[in-house]
Structures are given as C-alpha cells and as structure tokens.
Amino acid sequence: MSSQAAQTTRYLIHAENGKQLGEQVVERADDGLTKVRFIMKDNGRGPELQEQFRFAADGTLLQFDVRGNSEMGAVVDEHFVLEGNKASWRSTSERGSQQLSGKAMYLPLNSSFETSSVIIAALGGKDGSINLLPSGTLTQKVLDQVELRNGDTTQTVQLLAHSGVDLSPSFVWATTGDKPRLFAVVEAGGMRLMEQGWQQHASTLIARQEKAESAMLQALAKRMQHQLNGLLVVRNARVFDSEKAQLTSPKDVYVLRGKITAVLPAGSPLGGAQQEIDAAGRVLLPGLFDMHGHVGRWEGGLNMANGVTTVRDMGNDNRQMQHILDETAAGQLLGPQVVPTGFLEGESDFSANLGFVIRDLAGAKSAIDWYAHHGYPQLKIYNSFPPAILKETIAYAHQHGMRVSGHIPMGLRAEEAIELGYNEVQHINQILLNFLVTSKTETRNLNRFILPAEKLADLDFDSPRVKKLIETMRRKQIVLDPTLNTFAFIAHREGEIDVPYQPIAEHMPVSVKRSFFSASMKIDGEAQYQRYKKSYAKMVDFVGRLHRAGVPLVAGTDNLTGFTLHSELELFVQAGIKPAKALQIATKNGAKYTGTSHERGSIVPGKLADLVLVDGDPTQNISDARKVALVITRGYLIYPEKIHQEFGIKPFTQNPPQLRTLATPDTNQASRKSAHHH
C-alpha cells in the first residue's frame with residue numbers, strides 16, 4: 001500500500017463576470033483509485049458527471065468509468081479497461097477493443113477536465129506526444145511558466161498546449177515538479193476552472209495565455225494568408241448574381257487593394273493585370289455569411305476554408321469581441337470579418353453569462369449606449385431578460401439605429417416580442433414555442449428543446465393561429481434565423497451520425513468524427529425517437545412555409561464553425577427552397593441584415609473583393625458549395641486545402657487554380673526605361 005493518504009483537490013468553475021457555474025472535486029485514495037465529481041451549469045443547462053479511474057504502470061488509464069448526463073441531458077455511461085495488452089471500451093454510442101503494442105491513452109467521449117491531469121502526468125509535464133485510443137496522437141507543448149503566490153505558499157505553473165484531438169489546440173495550466181497535474185483551465189471571455197484558493201490569479205493566467213496564443217495565431221495567419229499585390233484578374237468565372245439568384249455567362253473579375261474594380265465578359269481586352277487566376281469555368285460566389293456565430297480566435301480558418309467571409313457574432317464576451325475585431329483589422333488573425341451583436345441578458349439562475357447581464361431599465365440603456373458607441377449594429381435579447389422593460393429597451397435600441405432580435409424572454413410568446421418591436425427572431429424553436437407555451441412555462445432550461453421535440457409532431461401548421469403568425473412576420477418583414485442544423489440533435493440517436501455532420505464526417509480527424517456519433521438529448525425508445533424525428537421534420541417544413549409566404553430568412557450555424565453553414569443551406573433546400581435561392585439567402589440577405597449591402601453580398605465593381613471560387617454548380621446542387629477551391633478576402637488569397645491540411649482535415653477539392661504572375665507590357669516598358677537611365 002502507498003504511504004500517501006487520500007487527498008482531495010477542489011476546482012471552482014466561474015464565468016468571466018464572477019458567477020460560479022460549478023465545481024470539480026478530485027479525490028485520490030491511497031489505494032490508487034481516483035474519484036471525480038463534476039458539475040457545471042450555464043445558460044440553463046450543463047453536464048453532471050461522476051468518474052472513477054485507476055492508473056496503469058506507465059501513467060495511462062488502466063480503468064475508467066463515467067456516468068451522468070451531458071450538457072443537453074443525454075445519458076453518459078462510458079467504461080474503459082486495459083487487461084494485459086488488450087484495451088476495451090464501450091459507451092452509449094460506441095464499443096471497441098484493440099491490442100496495444102506500446103503506451104496509449106484512452107480518450108473518453110465525455111469526461112471532466114481531470115483527464116487532462118492524466119495526460120499531463122503521463123507526459124511528465126514536458127514537450128512530447130502520446131498515442132490515443134481509439135486512434136490519433138496528442139501532442140503536448142510547453143508555452144510558458146509563471147510563479148504564483150498565495151499567502152506563504154508559492155506554486156510554479158506552466159501553460160501547455162494540447163493538439164491533435166480537436167480542430168483547434170486546447171490550453172491547460174499544470175503544476176510543475178515530479179507529479180505534475182491540472183492546475184487551471186482558463187478561456188479569455190469564457191469559463192475559468194481553477195484550483196480553489198488561487199482564483200485571484202485568473203487574470204494573470206489569462207493575460208499570459210492570450211499572449212502565447214497570439215503568437216501561434218499570428219504565425220498561422222502568416223502561413224495561410226497570401227497578400228495580393230497589384231491588379232489581379234480572376235478569368236473565366238461563372239459569377240453568381242445574388243440579386244437575380246442565377247449564374248452569369250463567364251466573366252473576368254478584376255481586383256485591386258481588396259476591392260472589385262471591374263466585372264467584364266470573359267476575354268475582354270482590359271490589360272494591365274499583374275496577377276491572374278484562371279477559374280476555368282468554375283462558379284464564383286460572393287463571400288458567404290454565417291449569420292449566427294459565436295466567434296473565437298481559433299475558428300477563423302474553418303470559416304475561411306468554407307467560403308464564409310463574414311460572420312455575424314450573436315453573443316460574446318465584450319472585451320474578447322473587441323480584441324478579435326482589432327486583430328482581424330490588423331491582419332493578425334486568420335478569419336472572416338465579424339459583425340458584432342450586443343448581447344443583453346437579465347439576471348436569474350438560468351442566465352447566460354455573456355455581454356451585459358442587467359437587472360433594470362437603467363442597466364439596459366447603459367448597455368445599449370456602450371454597444372452603440374462601439375459600433376454594434378444589432379442587439380440580441382436573451383431568455384432571462386425582464387419582459388416588463390422589453391418595450392422601452394427595444395425602443396431605446398431603435399433610437400440608436402440598432403436592429404433588435406433574440407430569443408423570446410421567458411413569460412412571453414414570439415408574437416408578443418414582435419408586437420413589442422423585435423425585428424428578427426433567433427432559432428426555429430423560439431418561433432414555434434409560440435404555440436407550445438403559456439406565460440408560466442419555464443423556457444430557460446432544457447424545456448426549450450424538449451417541448452418542441454415532444455409537441456411539434458402534433459401541431460397543425462394550417463391552423464388559424466399559425467397562419468396568423470406567419471402573416472404577421474410577412475407583413476412586418478420579421479427575419480428568422482432558424483439555425484435548423486443546430487436542432488438536428490433533437491432527432492439524433494446514439495451511434496448514428498447527426499444530419500449536419502454526415503457529409504463531412506469522413507473528412508474529419510477520427511477524434512472529431514467520434515463525437516458525431518454521440519447524442520445530445522435523452523431519447524427513450526423507438527416511439528419517442530419517431531416522435532422527435534417527426535417534430536424535427538416539421539421544423540424543416542416550417543422554414544419552407546415561411547420562405548414561400550415571403551418571410552425573410554438568414555443562414556446561420558450556431559454549430560461547428562464553417563462546415564455547418566453548408567448543412568444549413570442543404571436543410572433549406574430540403575425545406576423546398578431552390579438551391580439558388582438558398583445561396584441568395586447566404587449572400588444578399590446576409591449583407592442586407594448586417595447593414596453591409598454597400599460593400600458585400602454581391603460581385604459588382606466598388607464592393608469588397610470577398611470572393612469564393614467553388615468546383616461544381618451549387619445553384620443546381622447546393623452541396624457543391626462545400627467544394628471551395630479558393631477564397632479571396634481582405635486583400636488576401638487563401639487556399640482551403642492548405643487550411644484543411646493544417647487542421648488534419650481531408651480536403652474537399654483537389655488541384656485548385658494557382659495564382660500566376662504576369663509580365664505586362666506597361667511594367668516591362670517602365671523597367672526598360674529605368675534600365676536605360678543607368
């Protein structure tokens with residue numbers, strides 16, 4: 001028996017605004033058994049897990065068990081065991097086994113942050129890599145080290161980057177010495193998990209982590225963004241005319257200093273271009289808009305690779321958002337241009353902790369002033385906002401020239417929020433809850449997903465009250481941002497791949513692909529599954545009905561960055577919207593409802609050169625929009641295939657057209673003259 005007695009480490013989890021969201025309690029018994037209790041609740045939902053595990057001699061897992069529920073309430077029941085050289089695992093969505101020839105670490109699908117401790121210890125807190133089960137390799141790199149003081153105690157901690165598991169690295173702070181373990185996980189503008197008693201050092205860790213990440217992100221931007229110099233011509237491209245929702249005959253598109261200077265019939269004799277790209281008859285789209293993002297600094301490349309050149313951010317930490325806008329403007333971040341939306345929430349046990357969380361009208365007005373002064377064109381109201389002050393809040397935002405949209409605050413219906421001045425509603429469930437709730441129904445918790453899943457199957461869309469809401473939306477031109485791809489999870493069974501990820505799963509790193517098989521919601525039995533499936537089909541159908549009735553739509557994801565925008569457009573087409581109209585929604589409507597039509601959304605002279613060259617013809621087959629060959633935006637040329645390789649993704653196109661430098665007569669003449677003078 002080890003002489004070491006049982007010891008307990010407690011980590012507290014807080015939001016940026018100081019609100020406690022949960023905790024992780026780790027008990028290490030002297031017989032080698034570790035037990036973890038993990039709970040985290042934010043925005044009316046969150047995981048609750050009980051784990052226990054033992055270590056193999058090489059520091060990896062010998063056995064691991066976790067039970068509980070995931071963020072959206074799905075059952076978590078996962079087990080791993082290593083017997084001799086045979087590793088076996090099973091969960092609600094997968095089972096497998098493997099004969100091991102060397103050291104390998106099982107990566108659970110659902111776990112607390114304590115699995116990071118196992119990896120840190122197995123790698124001795126140093127640079128190195130470890131094979132993962134079922135597959136893949138995790139690489140650990142030490143980025144920084146700092147000494148912290150707490151009373152008479154000092155603790156030296158180091159920042160580690162873990163890559164190879166997800167589409168971006170994850171960052172953890174670890175203790176140093178001979179038994180390194182997890183110390184903290186901090187996100188600028190997000191959650192912070194820290195060992196109890198050391199919370200006062202969160203801002204130090206965040207500042208240092210931000211600096212280390214900036215260096216990595218700037219290097220990535222430099223590798224992936226090729227600055228365009230001089231006049232460029234994209235020859236022989238079929239341009240998508242977003243006004244008419246149709247393709248033109250082949251054109252030559254001229255670009256200078258990030259703007260479109262001419263669009264001429266292919267082969268027109270306009271000389272003077274220093275560089276050219278031969279589109280060879282490919283389709284040229286205006287840059288796509290994702291109208292429902294929550295942008296982070298690491299995801300921008302995934303937007304670029306998918307032809308998304310503008311994202312409307314629908315809620316973020318305000319300081320972090322300003323930071324992202326500054327870095328993007330300076331070309332230090334590989335990513336789209338961001339149109340920020342001011343997030344406004346009311347105080348409650350269910351609050352989402354982004355933007356400003358207010359308790360009265362004075363607080364709401366002061367938040368709107370801040371957003372207006374920082375150039376936010378839109379305001380987003382959230383679930384716990386007090387209905388009593390909604391009308392005056394909306395009026396005040398409108399006085400500042402801001403559009404107002406959001407979730408429907410608890411106690412109200414969509415039709416009432418529209419009556420009070422909403423210009424737009426976020427999410428298909430928020431509009432359909434109109435027919436499923438009373439003024440007393442709690443919609444700030446999982447009910448907002450469970451009620452539509454249970455009840456929409458029986459809702460008659462031809463009933464007078466449904467028709468009345470559709471007519472109101474048409475008459476007032478109330479925009480819907482349905483995010484259909486996000487709600488596919490209500491009809492997603494364990495062990496199957498969720499709809500939005502089906503076209504991309506085979507392209508993803510295995511560790512990412514694995515997660516696509518895990519369900520989000522608790523679905524009991526075949527009858528409930530069939531019911532939820534029918535309800536989801538009704539959601540898709542409703543979006544088609546709105547479109548045919550003349551209600552404006554925008555295309556947003558609120559899901560896996562970049563990739564799920566194409567899934568959203570596929571769902572629009574499934575709803576009966578023609579592919580060319582779906583593209584119009586993702587371009588023209590995106591510009592219109594972000595107030596950027598003067599510079600984006602169509603390929604015409606004078607506008608920004610946000611250009612996306614695709615293989616195939618997405619006006620006929622919307623899925624071809626995924627085949628992005630190259631992207632031009634902010635004066636840079638970007639090759640998606642290179643970004644995909646960087647992130648471990650199998651590219652969606654082969655042999656993209658290359659940039660060629662031309663020797664033009666004008667420049668030759670100038671250089672001959674200067675040579676003559678010498």
# chains A, B, ... in the order shown; residues from 1 in each chain; ligands from 1
>>> closest_atom_pairs(of="range 526-558 of chain A", to="range 585-598 of chain A", cutoff="9 Å", atoms="only C-alpha atoms", output="JSON lines")
{"residue": "A:Pro552", "atom": "CA", "partner": "A:Asn589", "partner_atom": "CA", "distance": 7.9}
{"residue": "A:Leu553", "atom": "CA", "partner": "A:Ile585", "partner_atom": "CA", "distance": 6.5}
{"residue": "A:Val554", "atom": "CA", "partner": "A:Ile585", "partner_atom": "CA", "distance": 5.7}
{"residue": "A:Ala555", "atom": "CA", "partner": "A:Ala586", "partner_atom": "CA", "distance": 5.5}
{"residue": "A:Gly556", "atom": "CA", "partner": "A:Ala586", "partner_atom": "CA", "distance": 8.4}
>>> closest_atom_pairs(of="range 109-197 of chain A", to="range 78-82 of chain A", cutoff="10 Å", atoms="only C-alpha atoms", output="Markdown table")
| residue | atom | partner | partner_atom | distance |
| --- | --- | --- | --- | --- |
| A:Leu109 | CA | A:Glu78 | CA | 8.0 |
| A:Asn110 | CA | A:Glu78 | CA | 7.8 |
| A:Ser111 | CA | A:Glu78 | CA | 9.3 |
>>> write_last_selection(atoms="N, CA, C and O atoms", output="CSV table (one decimal), in the first residue's frame")
chain,number,residue,atom,x,y,z
A,109,LEU,N,-15.2,10.0,-24.4
A,109,LEU,CA,-16.1,10.9,-25.2
A,109,LEU,C,-16.7,12.0,-24.3
A,109,LEU,O,-16.8,13.2,-24.7
A,110,ASN,N,-17.0,11.6,-23.0
A,110,ASN,CA,-17.5,12.6,-22.0
A,110,ASN,C,-16.7,12.5,-20.8
A,110,ASN,O,-16.5,11.3,-20.2
A,111,SER,N,-16.1,13.5,-20.3
A,111,SER,CA,-15.3,13.5,-19.1
A,111,SER,C,-15.2,14.8,-18.4
A,111,SER,O,-15.5,15.9,-19.1
>>> residues_around(residues="Ala280 in chain A", least_positions_apart="4", cutoff="10 Å", atoms="only C-alpha atoms", output="ChimeraX atom specification")
/A:234-238,250,615,657
>>> write_last_selection(atoms="all heavy atoms", output="PDB file, in the first residue's frame")
ATOM      1  N   VAL A 234      -9.406  37.505 -62.053  1.00  0.00           N
ATOM      2  CA  VAL A 234      -9.905  36.129 -61.969  1.00  0.00           C
ATOM      3  C   VAL A 234     -10.630  35.889 -63.291  1.00  0.00           C
ATOM      4  O   VAL A 234     -11.682  36.470 -63.551  1.00  0.00           O
ATOM      5  CB  VAL A 234     -10.873  35.941 -60.776  1.00  0.00           C
ATOM      6  CG1 VAL A 234     -11.369  34.494 -60.717  1.00  0.00           C
ATOM      7  CG2 VAL A 234     -10.189  36.314 -59.465  1.00  0.00           C
ATOM      8  N   ARG A 235     -10.011  35.086 -64.164  1.00  0.00           N
ATOM      9  CA  ARG A 235     -10.525  34.909 -65.521  1.00  0.00           C
ATOM     10  C   ARG A 235     -11.540  33.774 -65.615  1.00  0.00           C
ATOM     11  O   ARG A 235     -11.417  32.770 -64.938  1.00  0.00           O
ATOM     12  CB  ARG A 235      -9.369  34.532 -66.470  1.00  0.00           C
ATOM     13  CG  ARG A 235      -8.407  35.647 -66.737  1.00  0.00           C
ATOM     14  CD  ARG A 235      -7.540  35.329 -67.959  1.00  0.00           C
ATOM     15  NE  ARG A 235      -6.416  36.241 -68.045  1.00  0.00           N
ATOM     16  CZ  ARG A 235      -6.529  37.511 -68.425  1.00  0.00           C
ATOM     17  NH1 ARG A 235      -7.713  38.003 -68.752  1.00  0.00           N
ATOM     18  NH2 ARG A 235      -5.471  38.297 -68.465  1.00  0.00           N
ATOM     19  N   ASN A 236     -12.508  33.980 -66.518  1.00  0.00           N
ATOM     20  CA  ASN A 236     -13.357  32.883 -66.952  1.00  0.00           C
ATOM     21  C   ASN A 236     -14.106  32.203 -65.794  1.00  0.00           C
ATOM     22  O   ASN A 236     -14.053  30.993 -65.626  1.00  0.00           O
ATOM     23  CB  ASN A 236     -12.484  31.860 -67.714  1.00  0.00           C
ATOM     24  CG  ASN A 236     -13.329  30.899 -68.529  1.00  0.00           C
ATOM     25  OD1 ASN A 236     -14.525  31.126 -68.722  1.00  0.00           O
ATOM     26  ND2 ASN A 236     -12.719  29.833 -68.977  1.00  0.00           N
ATOM     27  N   ALA A 237     -14.787  33.034 -64.997  1.00  0.00           N
ATOM     28  CA  ALA A 237     -15.577  32.510 -63.879  1.00  0.00           C
ATOM     29  C   ALA A 237     -17.060  32.750 -64.153  1.00  0.00           C
ATOM     30  O   ALA A 237     -17.430  33.807 -64.665  1.00  0.00           O
ATOM     31  CB  ALA A 237     -15.177  33.222 -62.590  1.00  0.00           C
ATOM     32  N   ARG A 238     -17.901  31.774 -63.815  1.00  0.00           N
ATOM     33  CA  ARG A 238     -19.346  31.993 -63.893  1.00  0.00           C
ATOM     34  C   ARG A 238     -19.756  32.620 -62.568  1.00  0.00           C
ATOM     35  O   ARG A 238     -19.658  31.989 -61.506  1.00  0.00           O
ATOM     36  CB  ARG A 238     -20.074  30.669 -64.125  1.00  0.00           C
ATOM     37  CG  ARG A 238     -19.832  30.116 -65.532  1.00  0.00           C
ATOM     38  CD  ARG A 238     -20.579  28.823 -65.759  1.00  0.00           C
ATOM     39  NE  ARG A 238     -20.107  27.765 -64.879  1.00  0.00           N
ATOM     40  CZ  ARG A 238     -20.835  26.695 -64.537  1.00  0.00           C
ATOM     41  NH1 ARG A 238     -22.073  26.559 -64.975  1.00  0.00           N
ATOM     42  NH2 ARG A 238     -20.328  25.774 -63.754  1.00  0.00           N
ATOM     43  N   PRO A 250     -19.656  33.415 -68.543  1.00  0.00           N
ATOM     44  CA  PRO A 250     -18.310  33.582 -67.986  1.00  0.00           C
ATOM     45  C   PRO A 250     -17.828  35.043 -67.966  1.00  0.00           C
ATOM     46  O   PRO A 250     -18.040  35.790 -68.916  1.00  0.00           O
ATOM     47  CB  PRO A 250     -17.437  32.722 -68.915  1.00  0.00           C
ATOM     48  CG  PRO A 250     -18.378  31.687 -69.435  1.00  0.00           C
ATOM     49  CD  PRO A 250     -19.692  32.401 -69.601  1.00  0.00           C
ATOM     50  N   ASP A 615     -15.863  24.426 -56.974  1.00  0.00           N
ATOM     51  CA  ASP A 615     -15.998  23.391 -58.006  1.00  0.00           C
ATOM     52  C   ASP A 615     -17.465  22.984 -58.073  1.00  0.00           C
ATOM     53  O   ASP A 615     -18.159  22.997 -57.065  1.00  0.00           O
ATOM     54  CB  ASP A 615     -15.150  22.165 -57.639  1.00  0.00           C
ATOM     55  CG  ASP A 615     -13.653  22.443 -57.725  1.00  0.00           C
ATOM     56  OD1 ASP A 615     -13.281  23.516 -58.229  1.00  0.00           O
ATOM     57  OD2 ASP A 615     -12.861  21.598 -57.273  1.00  0.00           O
ATOM     58  N   PRO A 657      -6.992  26.204 -58.743  1.00  0.00           N
ATOM     59  CA  PRO A 657      -6.238  27.042 -59.682  1.00  0.00           C
ATOM     60  C   PRO A 657      -5.183  27.860 -58.938  1.00  0.00           C
ATOM     61  O   PRO A 657      -5.421  28.278 -57.813  1.00  0.00           O
ATOM     62  CB  PRO A 657      -7.309  27.949 -60.292  1.00  0.00           C
ATOM     63  CG  PRO A 657      -8.466  27.895 -59.373  1.00  0.00           C
ATOM     64  CD  PRO A 657      -8.408  26.596 -58.647  1.00  0.00           C
TER      65      PRO A 657
END
>>> closest_residue(among="A:Val283, A:Ile277, A:Leu256, A:Val357", to="Thr619 in chain A", atoms="only C-alpha atoms")
A:Val283
>>> residues_around(residues="Met539 in chain A", least_positions_apart="6", cutoff="8 Å", atoms="only C-alpha atoms", output="list in words")
Ile428, Asn429, Leu456 and Leu484 of chain A
>>> closest_residue(among="A:Leu193, A:Leu167, A:Leu285, A:Val466", to="Gly648 in chain A", atoms="only C-alpha atoms")
A:Leu167
>>> closest_residue(among="A:Gly401, A:Gly281, A:Pro464, A:Gly411", to="Phe385 in chain A", atoms="only C-alpha atoms")
A:Gly411
>>> select_by_dssp(residues="range 29-153 of chain A", states="helix (DSSP H, G or I)", output="list in words")
Glu114, Thr115, Ser116, Ser117, Val118, Ile119, Ile120, Ala121 and Ala122 of chain A
>>> residues_around(residues="Gln574 in chain A", least_positions_apart="5", cutoff="10 Å", atoms="only C-alpha atoms", output="JSON list (two decimals) with N, CA, C and O atoms, in the first residue's frame")
[["chain", "number", "residue", "atom", "x", "y", "z"],
["A", 537, "ALA", "N", -38.71, 17.14, -38.53],
["A", 537, "ALA", "CA", -39.13, 17.29, -39.94],
["A", 537, "ALA", "C", -40.10, 18.46, -40.07],
["A", 537, "ALA", "O", -40.08, 19.21, -41.06],
["A", 540, "VAL", "N", -38.17, 21.76, -40.17],
["A", 540, "VAL", "CA", -37.62, 21.99, -41.51],
["A", 540, "VAL", "C", -38.74, 22.48, -42.44],
["A", 540, "VAL", "O", -38.58, 23.47, -43.18],
["A", 541, "ASP", "N", -39.86, 21.80, -42.39],
["A", 541, "ASP", "CA", -41.02, 22.15, -43.22],
["A", 541, "ASP", "C", -41.48, 23.60, -42.96],
["A", 541, "ASP", "O", -41.81, 24.34, -43.89],
["A", 543, "VAL", "N", -39.79, 26.18, -42.04],
["A", 543, "VAL", "CA", -38.89, 27.17, -42.66],
["A", 543, "VAL", "C", -39.25, 27.34, -44.14],
["A", 543, "VAL", "O", -39.27, 28.45, -44.67],
["A", 544, "GLY", "N", -39.57, 26.23, -44.82],
["A", 544, "GLY", "CA", -40.01, 26.30, -46.21],
["A", 544, "GLY", "C", -41.30, 27.09, -46.35],
["A", 544, "GLY", "O", -41.45, 27.91, -47.28],
["A", 568, "GLU", "N", -26.75, 23.94, -43.24],
["A", 568, "GLU", "CA", -27.95, 24.79, -43.10],
["A", 568, "GLU", "C", -28.59, 25.02, -44.48],
["A", 568, "GLU", "O", -29.82, 24.93, -44.63],
["A", 569, "LEU", "N", -27.75, 25.29, -45.48],
["A", 569, "LEU", "CA", -28.29, 25.51, -46.83],
["A", 569, "LEU", "C", -28.91, 24.24, -47.40],
["A", 569, "LEU", "O", -29.93, 24.29, -48.08],
["A", 579, "PRO", "N", -31.97, 25.74, -54.64],
["A", 579, "PRO", "CA", -30.57, 25.96, -54.28],
["A", 579, "PRO", "C", -30.10, 27.40, -54.53],
["A", 579, "PRO", "O", -29.42, 27.99, -53.68]]
>>> closest_residue(among="A:Gly335, A:Gly197, A:Gly606, A:Pro452", to="Leu12 in chain A", atoms="only C-alpha atoms")
A:Gly197
>>> residues_around(residues="Ile431 in chain A", least_positions_apart="5", cutoff="9 Å", atoms="only C-alpha atoms", output="number ranges by chain")
A: 407-408, 413-415, 425-426, 480, 482
>>> residues_around(residues="Gln227 in chain A", least_positions_apart="2", cutoff="8 Å", atoms="only C-alpha atoms", output="PyMOL selection string")
chain A and resi 225+229+635-637
